[in-house]
file target_31.txt (compact mmCIF, C-alpha atoms)
# COMPACT_ATOMS: atom_id res chain seq x y z
CA MET A 415 0.00 0.00 0.00
CA TYR A 416 1.25 3.48 -0.85
CA VAL A 417 0.53 7.05 0.29
CA LYS A 418 -0.80 9.11 -2.62
CA GLU A 419 0.44 12.57 -1.65
CA PRO A 420 2.44 14.34 1.08
CA VAL A 421 0.79 14.82 4.49
CA THR A 422 1.73 17.17 7.33
CA ASN A 423 0.35 16.81 10.85
CA THR A 424 1.16 18.53 14.15
CA ILE A 425 0.48 17.41 17.70
CA ILE A 426 1.45 19.07 20.99
CA ILE A 427 2.35 16.94 24.01
CA GLU A 428 3.45 18.55 27.27
CA LYS A 429 4.27 21.78 25.38
CA SER A 430 6.54 19.96 22.90
CA ARG A 431 5.48 20.31 19.29
CA PHE A 432 5.78 17.24 17.02
CA ILE A 433 5.38 17.98 13.30
CA THR A 434 5.13 14.91 11.08
CA TYR A 435 5.82 14.99 7.36
CA LEU A 436 4.87 11.94 5.32
CA ARG A 437 6.63 11.92 1.96
CA PRO A 438 5.93 9.31 -0.73
CA LEU A 439 9.35 8.48 -2.20
CA PRO A 440 9.51 5.93 -5.04
CA LYS A 441 13.32 5.74 -5.01
CA LEU A 442 15.87 5.55 -2.22
CA ASP A 443 17.88 8.24 -4.04
CA ASP A 444 15.03 10.72 -3.31
CA PHE A 445 15.45 10.44 0.46
CA SER A 446 18.50 12.71 0.96
CA SER A 447 16.92 15.72 -0.74
CA ALA A 448 13.67 15.25 1.24
CA LEU A 449 15.63 15.16 4.52
CA LYS A 450 17.64 18.27 3.54
CA GLU A 451 14.42 20.11 2.71
CA ILE A 452 12.89 19.32 6.13
CA ARG A 453 16.10 20.18 8.01
CA LYS A 454 16.39 23.49 6.15
CA LYS A 455 12.78 24.40 6.86
CA HIS A 456 13.19 23.52 10.56
CA TYR A 457 16.81 24.61 11.10
CA ASP A 458 15.92 25.65 14.67
CA ALA A 459 14.22 22.38 15.68
CA THR A 460 15.46 20.34 18.63
CA HIS A 461 15.33 17.08 16.64
CA VAL A 462 14.40 15.85 13.14
CA CYS A 463 13.83 12.11 13.59
CA TYR A 464 12.76 9.84 10.77
CA ALA A 465 12.13 6.38 9.43
CA TYR A 466 11.57 5.09 5.95
CA ILE A 467 10.60 2.02 3.96
CA ILE A 468 11.75 2.58 0.38
CA GLU A 469 12.40 -0.07 -2.28
CA GLY A 470 12.43 -2.73 0.46
CA THR A 471 15.06 -0.88 2.53
CA LYS A 472 14.17 0.19 6.08
CA LYS A 473 15.95 2.70 8.27
CA ALA A 474 15.21 4.58 11.50
CA ASN A 475 17.08 7.52 13.05
CA ASP A 476 16.66 9.08 16.52
CA ASP A 477 18.59 12.29 15.71
CA GLY A 478 19.88 12.73 19.25
CA GLU A 479 16.81 11.51 21.15
CA PRO A 480 17.52 8.62 23.56
CA GLY A 481 18.17 5.41 21.59
CA GLY A 482 15.03 3.70 20.33
CA THR A 483 12.59 6.43 21.43
CA ALA A 484 11.96 8.10 18.07
CA GLY A 485 13.10 6.36 14.88
CA MET A 486 11.96 2.85 15.83
CA PRO A 487 8.48 3.95 17.01
CA ILE A 488 8.09 5.81 13.69
CA LEU A 489 9.24 2.76 11.72
CA ASN A 490 6.97 0.43 13.73
CA VAL A 491 3.91 2.52 12.81
CA LEU A 492 4.85 2.47 9.11
CA GLU A 493 5.34 -1.31 9.22
CA LYS A 494 2.05 -1.94 11.05
CA ARG A 495 0.14 0.14 8.49
CA GLY A 496 1.78 -1.79 5.64
CA VAL A 497 2.94 1.26 3.70
CA GLU A 498 5.81 1.19 1.23
CA ASN A 499 8.00 3.77 -0.50
CA ILE A 500 7.40 6.28 2.28
CA ALA A 501 9.50 8.42 4.59
CA ALA A 502 8.13 9.85 7.83
CA PHE A 503 9.99 12.81 9.33
CA VAL A 504 9.01 14.01 12.80
CA VAL A 505 10.32 17.42 13.79
CA ARG A 506 10.35 18.13 17.53
CA TYR A 507 10.44 21.50 19.19
CA PHE A 508 11.12 20.88 22.90
CA GLY A 509 8.57 22.51 25.19
CA GLY A 510 10.52 22.36 28.43
CA ILE A 511 8.91 19.28 29.98
CA LYS A 512 10.75 15.96 29.75
CA LEU A 513 8.58 13.08 28.55
CA GLY A 514 10.76 10.13 29.51
CA ALA A 515 11.60 7.24 27.19
CA GLY A 516 8.08 5.79 27.13
CA GLY A 517 6.48 9.19 26.64
CA LEU A 518 8.80 10.03 23.75
CA ALA A 519 8.15 6.72 22.02
CA ARG A 520 4.38 7.22 22.33
CA ALA A 521 4.61 10.83 21.14
CA TYR A 522 6.63 9.99 18.02
CA GLY A 523 4.46 6.97 17.23
CA ASN A 524 1.18 8.84 17.76
CA SER A 525 2.31 11.75 15.63
CA VAL A 526 2.92 9.40 12.69
CA LYS A 527 -0.34 7.49 13.35
CA GLU A 528 -2.33 10.73 13.15
CA ALA A 529 -0.58 11.73 9.92
CA LEU A 530 -1.34 8.32 8.39
CA ASP A 531 -4.99 8.69 9.45
CA ARG A 532 -5.15 11.78 7.22
CA ALA A 533 -3.42 10.13 4.23
CA VAL A 534 -5.01 8.79 1.05
CA PHE A 535 -3.72 5.32 0.19
CA TYR A 536 -3.57 3.39 -3.05
CA ASP A 537 -2.50 -0.03 -4.26
CA ILE A 538 -0.78 -1.02 -7.49
CA TYR A 539 -1.97 -3.93 -9.59
CA TYR A 540 -1.37 -5.19 -13.12
CA VAL A 541 -3.83 -6.19 -15.83
CA PRO A 542 -3.15 -8.01 -19.12
CA GLY A 543 -2.38 -5.58 -21.94
CA HIS A 544 -3.54 -5.92 -25.55
CA ARG A 545 -2.91 -4.07 -28.81
CA VAL A 546 -4.69 -3.80 -32.14
CA ILE A 547 -3.34 -2.12 -35.29
CA CYS A 548 -6.09 -1.29 -37.75
CA ASP A 549 -7.47 1.27 -40.23
CA TYR A 550 -9.35 4.42 -39.22
CA GLU A 551 -12.81 3.02 -39.94
CA THR A 552 -12.25 -0.09 -37.82
CA ALA A 553 -10.66 2.05 -35.11
CA ASN A 554 -13.81 4.20 -34.86
CA ARG A 555 -16.04 1.13 -34.47
CA LEU A 556 -13.64 -0.47 -31.98
CA ASN A 557 -13.17 2.72 -29.98
CA HIS A 558 -16.94 2.97 -29.45
CA LYS A 559 -17.07 -0.61 -28.10
CA LEU A 560 -13.94 -0.35 -25.97
CA ARG A 561 -14.94 2.82 -24.09
CA ASN A 562 -17.35 0.88 -21.86
CA ILE A 563 -15.35 -2.30 -21.25
CA THR A 564 -11.78 -1.12 -20.61
CA VAL A 565 -9.83 0.04 -17.56
CA TYR A 566 -7.10 1.45 -19.81
CA LEU A 567 -7.35 2.79 -23.36
CA ASN A 568 -4.74 4.59 -25.48
CA ILE A 569 -5.15 5.39 -29.19
CA GLU A 570 -2.37 6.56 -31.52
CA TYR A 571 -3.33 7.86 -34.96
CA LYS A 572 -0.65 7.57 -37.66
CA GLU A 573 -0.91 5.91 -41.10
CA GLU A 574 -2.66 3.17 -39.21
CA VAL A 575 -4.27 3.35 -35.78
CA THR A 576 -2.70 1.59 -32.79
CA ILE A 577 -5.10 0.91 -29.95
CA SER A 578 -3.62 -0.29 -26.65
CA PHE A 579 -6.05 -1.43 -23.99
CA ALA A 580 -6.77 -3.46 -20.87
CA LEU A 581 -10.20 -4.95 -20.24
CA LYS A 582 -12.36 -4.91 -17.13
CA ASN A 583 -13.24 -8.51 -17.95
CA GLU A 584 -10.92 -10.64 -20.09
CA ASP A 585 -13.95 -12.57 -21.40
CA ASP A 586 -14.74 -9.50 -23.53
CA LEU A 587 -11.66 -10.26 -25.66
CA MET A 588 -13.68 -12.73 -27.75
CA MET A 589 -16.31 -10.08 -28.46
CA ILE A 590 -13.59 -7.73 -29.76
CA LYS A 591 -12.12 -10.47 -31.97
CA ASP A 592 -15.60 -11.05 -33.43
CA LEU A 593 -15.74 -7.45 -34.68
CA GLY A 594 -14.04 -8.39 -37.92
CA GLY A 595 -11.09 -10.73 -37.71
CA LEU A 596 -8.86 -8.32 -35.82
CA MET A 597 -5.32 -9.40 -35.02
CA ILE A 598 -5.01 -8.77 -31.27
CA GLU A 599 -1.52 -8.88 -29.79
CA ASP A 600 -0.77 -9.41 -26.11
CA THR A 601 1.53 -6.75 -24.63
CA ASP A 602 3.27 -6.30 -21.30
CA PRO A 603 0.91 -6.05 -18.32
CA ILE A 604 -0.39 -2.54 -17.68
CA LYS A 605 0.25 -0.96 -14.28
CA MET A 606 -2.92 0.34 -12.62
CA THR A 607 -3.66 1.97 -9.28
CA LYS A 608 -6.72 2.04 -7.07
CA VAL A 609 -7.52 4.07 -3.98
CA VAL A 610 -7.74 2.01 -0.79
CA GLU A 611 -10.66 2.95 1.46
call {"tool": "encode", "arguments": {"input": "target_31.txt", "output": "structure tokens"}}
result
Amino acid sequence: MYVKEPVTNTIIIEKSRFITYLRPLPKLDDFSSALKEIRKKHYDATHVCYAYIIEGTKKANDDGEPGGTAGMPILNVLEKRGVENIAAFVVRYFGGIKLGAGGLARAYGNSVKEALDRAVFYDIYYVPGHRVICDYETANRLNHKLRNITVYLNIEYKEEVTISFALKNEDDLMMIKDLGGLMIEDTDPIKMTKVVE
């Protein structure tokens, strides 16, 4: 499961402010610039702790908080929610009241939980891809039929028309073949996404 777009959430516990930034990051190479951006924005923060799960790699960092009180609680929340390709940064501005190890762990974890509660999630899945190359007249007839039965449709008009598509129901492939002896080629699977409620 993936987070669709960045989320920011702030909580205040015992006068300390915890600002969580969730950043969808498809590549591990994107992490450094995201961390620099947060550190620059919050140059005066007491701590910028984080955890990420990106391309199967996991990392947690306490950024000066007592060992295991920040990065691991953040990572644990990400793992429990089953999110991937995500970095969670929690910026802390100390409010003058010490929280203790247990209090810190709960604060960092709850800050990320609240941010995830505000996030929109999606999943990735693949469907069989197909392609037809035909003349303009056939393409017009086929386009009309395909509009209602596809989850993906792309049409390229050149000397001939190339129609790439994926069907809602693969049983409809026979109906398309019956439209006039069309030569339908299988292509690589097509990547699709759907929002997770």
call {"tool": "closest_residue", "arguments": {"input": "target_31.txt", "among": "A:Ile604, A:Ile590, A:Ile433, A:Val534", "to": "Val565 (chain A)", "atoms": "only C-alpha atoms"}}
result
A:Ile604
call {"tool": "closest_residue", "arguments": {"input": "target_31.txt", "among": "A:Lys454, A:Lys572, A:Lys512, A:Lys473", "to": "Ile547 (chain A)", "atoms": "all atoms listed in the file"}}
result
A:Lys572
call {"tool": "closest_residue", "arguments": {"input": "target_31.txt", "among": "A:Lys429, A:His456, A:Lys582, A:Arg495", "to": "Asp531 (chain A)", "atoms": "only C-alpha atoms"}}
result
A:Arg495
call {"tool": "atom_distance", "arguments": {"input": "target_31.txt", "atom1": "CA of Ala553 (chain A)", "atom2": "CA of Pro603 (chain A)"}}
result
21.9 Å
call {"tool": "closest_residue", "arguments": {"input": "target_31.txt", "among": "A:Leu489, A:Leu436, A:Cys463, A:Ala529", "to": "Thr424 (chain A)", "atoms": "all atoms listed in the file"}}
result
A:Ala529
call {"tool": "residues_around", "arguments": {"input": "target_31.txt", "residues": "Ala465 (chain A)", "least_positions_apart": "5", "cutoff": "9 Å", "atoms": "only C-alpha atoms", "output": "PyMOL selection string"}}
result
chain A and resi 472-476+484-490+492+500-504
call {"tool": "decode", "arguments": {"input": "target_31.txt", "residues": "region 497-534 of chain A", "atoms": "N, CA and C atoms", "output": "compact mmCIF listing (two decimals), in the first residue's frame"}}
result
# COMPACT_ATOMS: atom_id res chain seq x y z
N VAL A 497 2.64 0.32 4.77
CA VAL A 497 2.94 1.26 3.70
C VAL A 497 4.35 1.04 3.17
N GLU A 498 4.52 1.36 1.89
CA GLU A 498 5.81 1.19 1.23
C GLU A 498 6.18 2.49 0.52
N ASN A 499 7.47 2.60 0.20
CA ASN A 499 8.00 3.77 -0.50
C ASN A 499 7.55 5.07 0.16
N ILE A 500 7.82 5.14 1.46
CA ILE A 500 7.40 6.28 2.28
C ILE A 500 8.51 6.64 3.27
N ALA A 501 8.64 7.93 3.51
CA ALA A 501 9.50 8.42 4.59
C ALA A 501 8.64 9.24 5.52
N ALA A 502 8.83 9.05 6.82
CA ALA A 502 8.13 9.85 7.83
C ALA A 502 9.19 10.61 8.62
N PHE A 503 9.09 11.94 8.59
CA PHE A 503 9.99 12.81 9.33
C PHE A 503 9.18 13.42 10.47
N VAL A 504 9.70 13.37 11.68
CA VAL A 504 9.01 14.01 12.80
C VAL A 504 9.96 15.05 13.39
N VAL A 505 9.55 16.29 13.28
CA VAL A 505 10.32 17.42 13.79
C VAL A 505 9.82 17.71 15.20
N ARG A 506 10.75 17.83 16.14
CA ARG A 506 10.35 18.13 17.53
C ARG A 506 10.93 19.46 17.98
N TYR A 507 10.03 20.28 18.50
CA TYR A 507 10.44 21.50 19.19
C TYR A 507 10.17 21.26 20.68
N PHE A 508 11.23 21.20 21.48
CA PHE A 508 11.12 20.88 22.90
C PHE A 508 10.37 21.98 23.64
N GLY A 509 9.40 21.56 24.47
CA GLY A 509 8.57 22.51 25.19
C GLY A 509 8.95 22.74 26.63
N GLY A 510 10.05 22.11 27.08
CA GLY A 510 10.52 22.36 28.43
C GLY A 510 10.17 21.29 29.44
N ILE A 511 9.30 20.35 29.06
CA ILE A 511 8.91 19.28 29.98
C ILE A 511 9.42 17.95 29.41
N LYS A 512 10.23 17.25 30.20
CA LYS A 512 10.75 15.96 29.75
C LYS A 512 9.64 14.91 29.74
N LEU A 513 9.64 14.09 28.71
CA LEU A 513 8.58 13.08 28.55
C LEU A 513 9.01 11.69 29.00
N GLY A 514 10.28 11.47 29.17
CA GLY A 514 10.76 10.13 29.51
C GLY A 514 10.76 9.25 28.27
N ALA A 515 11.45 8.12 28.36
CA ALA A 515 11.60 7.24 27.19
C ALA A 515 10.25 6.75 26.66
N GLY A 516 9.39 6.29 27.56
CA GLY A 516 8.08 5.79 27.13
C GLY A 516 7.22 6.89 26.53
N GLY A 517 7.25 8.06 27.15
CA GLY A 517 6.48 9.19 26.64
C GLY A 517 6.95 9.65 25.27
N LEU A 518 8.27 9.66 25.07
CA LEU A 518 8.80 10.03 23.75
C LEU A 518 8.38 9.03 22.68
N ALA A 519 8.52 7.75 23.00
CA ALA A 519 8.15 6.72 22.02
C ALA A 519 6.67 6.84 21.63
N ARG A 520 5.81 7.06 22.63
CA ARG A 520 4.38 7.22 22.33
C ARG A 520 4.12 8.49 21.50
N ALA A 521 4.81 9.57 21.85
CA ALA A 521 4.61 10.83 21.14
C ALA A 521 5.01 10.71 19.67
N TYR A 522 6.18 10.15 19.41
CA TYR A 522 6.63 9.99 18.02
C TYR A 522 5.71 9.04 17.26
N GLY A 523 5.36 7.93 17.89
CA GLY A 523 4.46 6.97 17.23
C GLY A 523 3.09 7.57 16.95
N ASN A 524 2.51 8.25 17.95
CA ASN A 524 1.18 8.84 17.76
C ASN A 524 1.16 9.94 16.72
N SER A 525 2.24 10.69 16.64
CA SER A 525 2.31 11.75 15.63
C SER A 525 2.23 11.16 14.22
N VAL A 526 2.95 10.05 14.00
CA VAL A 526 2.92 9.40 12.69
C VAL A 526 1.57 8.73 12.45
N LYS A 527 0.99 8.11 13.49
CA LYS A 527 -0.34 7.49 13.35
C LYS A 527 -1.37 8.52 12.89
N GLU A 528 -1.37 9.69 13.53
CA GLU A 528 -2.33 10.73 13.15
C GLU A 528 -2.11 11.19 11.72
N ALA A 529 -0.86 11.33 11.30
CA ALA A 529 -0.58 11.73 9.92
C ALA A 529 -1.09 10.68 8.94
N LEU A 530 -0.86 9.40 9.27
CA LEU A 530 -1.34 8.32 8.39
C LEU A 530 -2.86 8.28 8.34
N ASP A 531 -3.53 8.65 9.45
CA ASP A 531 -4.99 8.69 9.45
C ASP A 531 -5.53 9.73 8.47
N ARG A 532 -4.74 10.72 8.15
CA ARG A 532 -5.15 11.78 7.22
C ARG A 532 -4.75 11.48 5.78
N ALA A 533 -3.97 10.43 5.56
CA ALA A 533 -3.42 10.13 4.23
C ALA A 533 -4.44 9.41 3.36
N VAL A 534 -4.25 9.55 2.05
CA VAL A 534 -5.01 8.79 1.05
C VAL A 534 -4.07 7.70 0.55
